[in-house]
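Inspection log for the structure reproduced underneath, given as structure tokens.
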Amino acid sequence: MNCRSIALLLIFTFIIVSCQKESVSNNDDVDLLEESISSGNTITSGVSEAAQPCVNGFSGKYPCKGYDLLGHISISSFYASDGNDSWGWTDSTTDKEYVLMGLDNGTAFVDISDPKNPILLGKLPTTTDPSIWRDIKVFDNHAYIVSEADNHGIQVFDLTRLRGVEQPQTFTADRVLSAVPKAHNMVINEESGYGYVVGTDRKDEFLGGVHFLNLNDPQNFRFEGGYADAGYSHDAQVVIYRGPDEDYSGREIFLGSNESKLVIIDVTDKKKPITIAEATYQNTFYTHQGWFDKTQRFFILGDELDEYKIGGKTRTLIFDLNDLDNPKLHQTYRGPTNAIDHNGYVKGDLFYLANYTAGIRVIAIDDLENKNMIEVGFFDTFPNHNNPTFDGAWNVYPFFESGVIAISDINGGLFLIKKSE
């Protein structure tokens, strides 16, 4: 590891620890939930505010534009101190929608089939210690949960166990895969059935690079190597490529946010992954996370620490990947606030950005070729301020067919919103 990488790691660790509320939650919070369950108490919803439309720029106390509040479960209702990641699952048998809410001390499961009355079904405690970093993905009716807590492993949970749950429960994992003791994230390509475990120990076999996990047989998970040559991977998206570069049509492509650069890797052959290209940009502080647009030509990338280190409006970088071998910075978009950008996802022609203290921002990206990006809506889950601190919206999940959007907020818990009619 070179001096620059070490410096970036120290800066990132210092900022997160000093600027984000320290996670004081521990397993005592899980014990409180268990005591509530054993005493016969029923958690019917945990809703903190009733559904409220966005009127004259506010939904209750929350600034908004074009999106209504449907439901809200506070962080205390989860018996936790901090929220983090979130993901969704739709039961193909019942068509019910569920939110999987990451917490410092575990993962909560919430039935949102009636989003105005979300139901907390229970909680899967962390394997070992609490951690402010937890990440969840879903494939084939199973949740895969990683954490940066030491010796946490990958928790595997069969989501069909949520069917018919009537009383809140403390769940146990179906399996814990301990081959990777800790990780920042796990990316899943649902088309290939492979998981890509990233943000692992920098001293492991792949030096913090990606680990390949075959998920196609949930009774026989197989780690099939990994890749270290591109450096530590913090986050990624992996797709079967159908973009404009015909040289890679049908190949499985890994796009990694690797702290100081965007890396593009062909991972079709797990035994022989190949770096296609790397891309850098000016004022790099921490290359954090990104997502393809629907055409797979433009990649929308965020740097998590630039707003904190040098100030200015939220910066989003758009790379033109018309030629995967030669990625080029196409455009820099500036948001309306000074908040730090975190996770962002694309659905159709919209980019949904979890923007920490500025809540979530919804940006039209249907004309990226002409460098047009327009904010068309927002919902601010952290109304205190829009300063560049590590508070507010950590993640947004916009992929439910119902149009309900889930927001996991570090301080506020789970918010359910929907576009105003």
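Lettering and numbering for the structure tokens are positional, with chains as A, B, ... in the shown order, residues counted from 1 in each chain, and ligands counted from 1 in the shown order.
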
Worksheet entry | Residue contacts of A:Glu205 (9 Å, only C-alpha atoms) excluding same-chain residues fewer than 2 positions away, as an MDAnalysis selection string | chainID A and resid 201:203 207:209 226:228

Could you write out the selected residues, including N, CA and C atoms, as an mmCIF file, in the first residue's frame?
data_model
loop_
_atom_site.group_PDB
_atom_site.id
_atom_site.type_symbol
_atom_site.label_atom_id
_atom_site.label_comp_id
_atom_site.auth_asym_id
_atom_site.auth_seq_id
_atom_site.Cartn_x
_atom_site.Cartn_y
_atom_site.Cartn_z
ATOM 1 N N ASP A 201 -10.765 -7.219 4.286
ATOM 2 C CA ASP A 201 -9.506 -6.933 4.981
ATOM 3 C C ASP A 201 -8.386 -6.705 3.966
ATOM 4 N N ARG A 202 -7.676 -5.627 4.122
ATOM 5 C CA ARG A 202 -6.595 -5.300 3.192
ATOM 6 C C ARG A 202 -5.424 -6.279 3.284
ATOM 7 N N LYS A 203 -5.428 -7.124 4.299
ATOM 8 C CA LYS A 203 -4.366 -8.111 4.446
ATOM 9 C C LYS A 203 -4.815 -9.506 4.018
ATOM 10 N N LEU A 207 -6.147 -8.711 -0.849
ATOM 11 C CA LEU A 207 -5.685 -7.379 -0.415
ATOM 12 C C LEU A 207 -6.814 -6.344 -0.378
ATOM 13 N N GLY A 208 -8.018 -6.796 0.000
ATOM 14 C CA GLY A 208 -9.155 -5.888 0.025
ATOM 15 C C GLY A 208 -9.860 -5.760 -1.319
ATOM 16 N N GLY A 209 -9.376 -6.495 -2.306
ATOM 17 C CA GLY A 209 -10.054 -6.521 -3.601
ATOM 18 C C GLY A 209 -11.267 -7.432 -3.563
ATOM 19 N N GLY A 226 -10.911 -14.483 -6.653
ATOM 20 C CA GLY A 226 -11.078 -13.046 -6.489
ATOM 21 C C GLY A 226 -10.046 -12.310 -7.329
ATOM 22 N N TYR A 227 -9.853 -11.033 -7.000
ATOM 23 C CA TYR A 227 -8.972 -10.204 -7.832
ATOM 24 C C TYR A 227 -8.372 -9.090 -6.977
ATOM 25 N N ALA A 228 -7.051 -9.025 -6.996
ATOM 26 C CA ALA A 228 -6.345 -8.050 -6.179
ATOM 27 C C ALA A 228 -5.673 -6.956 -6.989
#

Practice prompt. Taking the DSSP assignment computed from this structure's backbone, write out as a list in words all residues of stretch 291-392 of chain A that belong to helix (DSSP H, G or I).
Written response: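 Answer for stretch 291-392 of chain A, restricted to helix (DSSP H, G or I): Asp306, Glu307, Tyr308, Lys309, Ile310, Leu368, Glu369 and Asn370 of chain A.
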
Using the selection just defined, write its residues with C-alpha atoms as a PDB file, in the first residue's frame.
ATOM      1  CA  ASP A 306     -14.906  16.086  -1.535  1.00  0.00           C
ATOM      2  CA  GLU A 307     -17.700  18.203  -0.051  1.00  0.00           C
ATOM      3  CA  TYR A 308     -16.297  17.694   3.419  1.00  0.00           C
ATOM      4  CA  LYS A 309     -12.680  18.397   2.502  1.00  0.00           C
ATOM      5  CA  ILE A 310     -12.990  21.341   0.101  1.00  0.00           C
ATOM      6  CA  LEU A 368     -26.941  12.864 -20.387  1.00  0.00           C
ATOM      7  CA  GLU A 369     -25.490  12.907 -23.879  1.00  0.00           C
ATOM      8  CA  ASN A 370     -26.125  16.667 -23.959  1.00  0.00           C
TER       9      ASN A 370
END

Item to complete: Could you please determine the separation between atom CA of A:Thr127 and atom CA of A:His184 in Å, to one decimal place?
Response: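 Spanning atom CA of A:Thr127 to atom CA of A:His184 is a straight-line distance of 14.7 Å.
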
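Using only C-alpha atoms, the shortest contact distance between A:Asp135 and any of A:Asp104, A:Asp85, A:Asp245, A:Glu166 is found at A:Asp85.
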
Worksheet item: In stretch 233-376 of chain A, what's strand (DSSP E) per DSSP? Answer as an MDAnalysis selection string?
Response: chainID A and resid 235:240 252:257 262:266 274:279 287:292 298:303 315:320 328:334 344:347 350:354 360:367 372:376

Mind writing the picked residues with C-alpha atoms as a PDB file, in the first residue's frame?
ATOM      1  CA  ASP A 235     -18.209  -0.612  -3.690  1.00  0.00           C
ATOM      2  CA  ALA A 236     -19.174  -1.816  -7.151  1.00  0.00           C
ATOM      3  CA  GLN A 237     -21.818  -2.572  -9.727  1.00  0.00           C
ATOM      4  CA  VAL A 238     -21.607  -5.754 -11.806  1.00  0.00           C
ATOM      5  CA  VAL A 239     -23.626  -6.233 -14.997  1.00  0.00           C
ATOM      6  CA  ILE A 240     -23.945  -8.389 -18.057  1.00  0.00           C
ATOM      7  CA  GLU A 252     -19.732  -9.734 -17.179  1.00  0.00           C
ATOM      8  CA  ILE A 253     -18.290  -6.360 -16.226  1.00  0.00           C
ATOM      9  CA  PHE A 254     -17.307  -5.175 -12.740  1.00  0.00           C
ATOM     10  CA  LEU A 255     -17.267  -1.407 -12.192  1.00  0.00           C
ATOM     11  CA  GLY A 256     -15.450  -0.751  -8.949  1.00  0.00           C
ATOM     12  CA  SER A 257     -15.271   2.391  -6.858  1.00  0.00           C
ATOM     13  CA  LEU A 262     -13.007   3.918 -11.121  1.00  0.00           C
ATOM     14  CA  VAL A 263     -11.902   0.484 -12.296  1.00  0.00           C
ATOM     15  CA  ILE A 264     -13.477  -1.553 -15.086  1.00  0.00           C
ATOM     16  CA  ILE A 265     -12.806  -5.294 -14.938  1.00  0.00           C
ATOM     17  CA  ASP A 266     -13.953  -8.203 -17.110  1.00  0.00           C
ATOM     18  CA  ILE A 274      -8.820  -8.793 -16.569  1.00  0.00           C
ATOM     19  CA  THR A 275      -8.599  -5.071 -15.898  1.00  0.00           C
ATOM     20  CA  ILE A 276     -10.000  -3.273 -18.923  1.00  0.00           C
ATOM     21  CA  ALA A 277      -9.324   0.299 -17.821  1.00  0.00           C
ATOM     22  CA  GLU A 278      -9.037   2.681 -14.894  1.00  0.00           C
ATOM     23  CA  ALA A 279     -10.272   6.266 -14.704  1.00  0.00           C
ATOM     24  CA  THR A 287     -14.181   7.356  -4.901  1.00  0.00           C
ATOM     25  CA  HIS A 288     -17.189   5.840  -3.209  1.00  0.00           C
ATOM     26  CA  GLN A 289     -20.010   4.364  -5.327  1.00  0.00           C
ATOM     27  CA  GLY A 290     -21.575   4.541  -8.776  1.00  0.00           C
ATOM     28  CA  TRP A 291     -24.268   3.185 -11.111  1.00  0.00           C
ATOM     29  CA  PHE A 292     -24.788   2.794 -14.849  1.00  0.00           C
ATOM     30  CA  PHE A 298     -22.801   6.664 -18.803  1.00  0.00           C
ATOM     31  CA  PHE A 299     -21.593   5.786 -15.328  1.00  0.00           C
ATOM     32  CA  ILE A 300     -22.699   8.087 -12.498  1.00  0.00           C
ATOM     33  CA  LEU A 301     -20.086   8.251  -9.758  1.00  0.00           C
ATOM     34  CA  GLY A 302     -19.837   9.875  -6.337  1.00  0.00           C
ATOM     35  CA  ASP A 303     -16.825  10.964  -4.291  1.00  0.00           C
ATOM     36  CA  ARG A 315     -20.597  16.914  -6.822  1.00  0.00           C
ATOM     37  CA  THR A 316     -21.564  13.988  -9.043  1.00  0.00           C
ATOM     38  CA  LEU A 317     -19.239  12.797 -11.821  1.00  0.00           C
ATOM     39  CA  ILE A 318     -20.524  11.292 -15.069  1.00  0.00           C
ATOM     40  CA  PHE A 319     -18.150   9.143 -17.092  1.00  0.00           C
ATOM     41  CA  ASP A 320     -18.699   8.324 -20.744  1.00  0.00           C
ATOM     42  CA  LYS A 328     -13.661   9.740 -20.201  1.00  0.00           C
ATOM     43  CA  LEU A 329     -15.083  12.227 -17.716  1.00  0.00           C
ATOM     44  CA  HIS A 330     -18.132  13.574 -19.526  1.00  0.00           C
ATOM     45  CA  GLN A 331     -19.755  15.954 -17.060  1.00  0.00           C
ATOM     46  CA  THR A 332     -19.704  17.211 -13.481  1.00  0.00           C
ATOM     47  CA  TYR A 333     -23.111  17.847 -11.939  1.00  0.00           C
ATOM     48  CA  ARG A 334     -23.555  20.117  -8.922  1.00  0.00           C
ATOM     49  CA  GLY A 344     -27.070   6.507  -5.758  1.00  0.00           C
ATOM     50  CA  TYR A 345     -29.136   4.234  -8.023  1.00  0.00           C
ATOM     51  CA  VAL A 346     -30.790   4.484 -11.417  1.00  0.00           C
ATOM     52  CA  LYS A 347     -34.338   3.458 -12.262  1.00  0.00           C
ATOM     53  CA  LEU A 350     -34.147   8.963 -12.898  1.00  0.00           C
ATOM     54  CA  PHE A 351     -31.134   8.954 -10.597  1.00  0.00           C
ATOM     55  CA  TYR A 352     -31.989   8.577  -6.899  1.00  0.00           C
ATOM     56  CA  LEU A 353     -29.246   9.922  -4.664  1.00  0.00           C
ATOM     57  CA  ALA A 354     -28.964   9.448  -0.902  1.00  0.00           C
ATOM     58  CA  ILE A 360     -32.715  12.001  -1.141  1.00  0.00           C
ATOM     59  CA  ARG A 361     -32.578  13.895  -4.419  1.00  0.00           C
ATOM     60  CA  VAL A 362     -34.269  12.729  -7.619  1.00  0.00           C
ATOM     61  CA  ILE A 363     -32.503  13.809 -10.802  1.00  0.00           C
ATOM     62  CA  ALA A 364     -33.635  13.420 -14.408  1.00  0.00           C
ATOM     63  CA  ILE A 365     -30.884  11.831 -16.539  1.00  0.00           C
ATOM     64  CA  ASP A 366     -32.683  11.253 -19.827  1.00  0.00           C
ATOM     65  CA  ASP A 367     -30.394  13.685 -21.683  1.00  0.00           C
ATOM     66  CA  ASN A 372     -28.392  17.851 -18.992  1.00  0.00           C
ATOM     67  CA  MET A 373     -29.210  16.753 -15.457  1.00  0.00           C
ATOM     68  CA  ILE A 374     -32.168  18.359 -13.691  1.00  0.00           C
ATOM     69  CA  GLU A 375     -33.306  17.820 -10.117  1.00  0.00           C
ATOM     70  CA  VAL A 376     -37.022  17.037 -10.329  1.00  0.00           C
TER      71      VAL A 376
END

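Considering only C-alpha atoms, the residue among A:Leu305, A:Ala230, A:Ile410, A:Val404 positioned nearest to A:Ile112 is A:Val404.
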
Worksheet item: What's the 10 Å shell around A:Leu124, counting only C-alpha atoms, without same-chain residues fewer than 5 positions away, as a list in words?
Response: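 Returned residues: Val30, Gly102, Leu103, Asn105, Gly106, Thr107, Ala108, Phe109, Ile145, Gln155, Phe157, Gln169, Thr170, Phe171, Thr172 and Ala173 of chain A.
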
Hey, which bits of stretch 307-347 of chain A sit within 7 Å of stretch 387-395 of chain A, and for each residue what's the closest pair of atoms and how far apart in Å (one decimal), counting only C-alpha atoms, rows by chain and increasing number, as CSV?
residue,atom,partner,partner_atom,distance
A:Glu307,CA,A:Pro388,CA,6.3
A:Tyr308,CA,A:Pro388,CA,5.5
A:Asn338,CA,A:Asn387,CA,5.7
A:Ala339,CA,A:Pro388,CA,4.5
A:Ile340,CA,A:Pro388,CA,5.2
A:His342,CA,A:Trp394,CA,6.4
A:Asn343,CA,A:Asn395,CA,5.7

Practice prompt. Between atom CA of A:Met186 and atom CA of A:Val198, measure the distance and give it in Å to one decimal.
Written response: 5.9 Å

Practice prompt. Return the single residue from A:Asp269, A:Asp293, A:Asp91, A:Asp247 that is closest to A:Asp323, with distances computed using only C-alpha atoms.
Written response: A:Asp247

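With atom CA of A:Asn214 on one side and atom CA of A:Tyr194 on the other, the separation reads 4.7 Å.
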
Worksheet entry | Residue nearest A:Gly312 - candidates A:Asp325, A:Asp341, A:Asp150, A:Asp68, atoms counted: only C-alpha atoms |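 Smallest separation from A:Gly312 among the options: A:Asp341.
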
Worksheet item: What lies within 10 Å of A:Leu100 using only C-alpha atoms, ignoring chain neighbours under 6 positions off, as JSON, numbers by chain?
Response: {"A": [85, 86, 87, 88, 89, 107, 108, 109, 110, 111, 123, 135, 136, 137, 138, 143, 145, 159, 406, 408, 414]}

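For the choices A:Thr284, A:Thr381, A:Thr200, A:Asn386, the atom-to-atom distance to A:Ile417 is smallest for A:Thr381 when using only C-alpha atoms.
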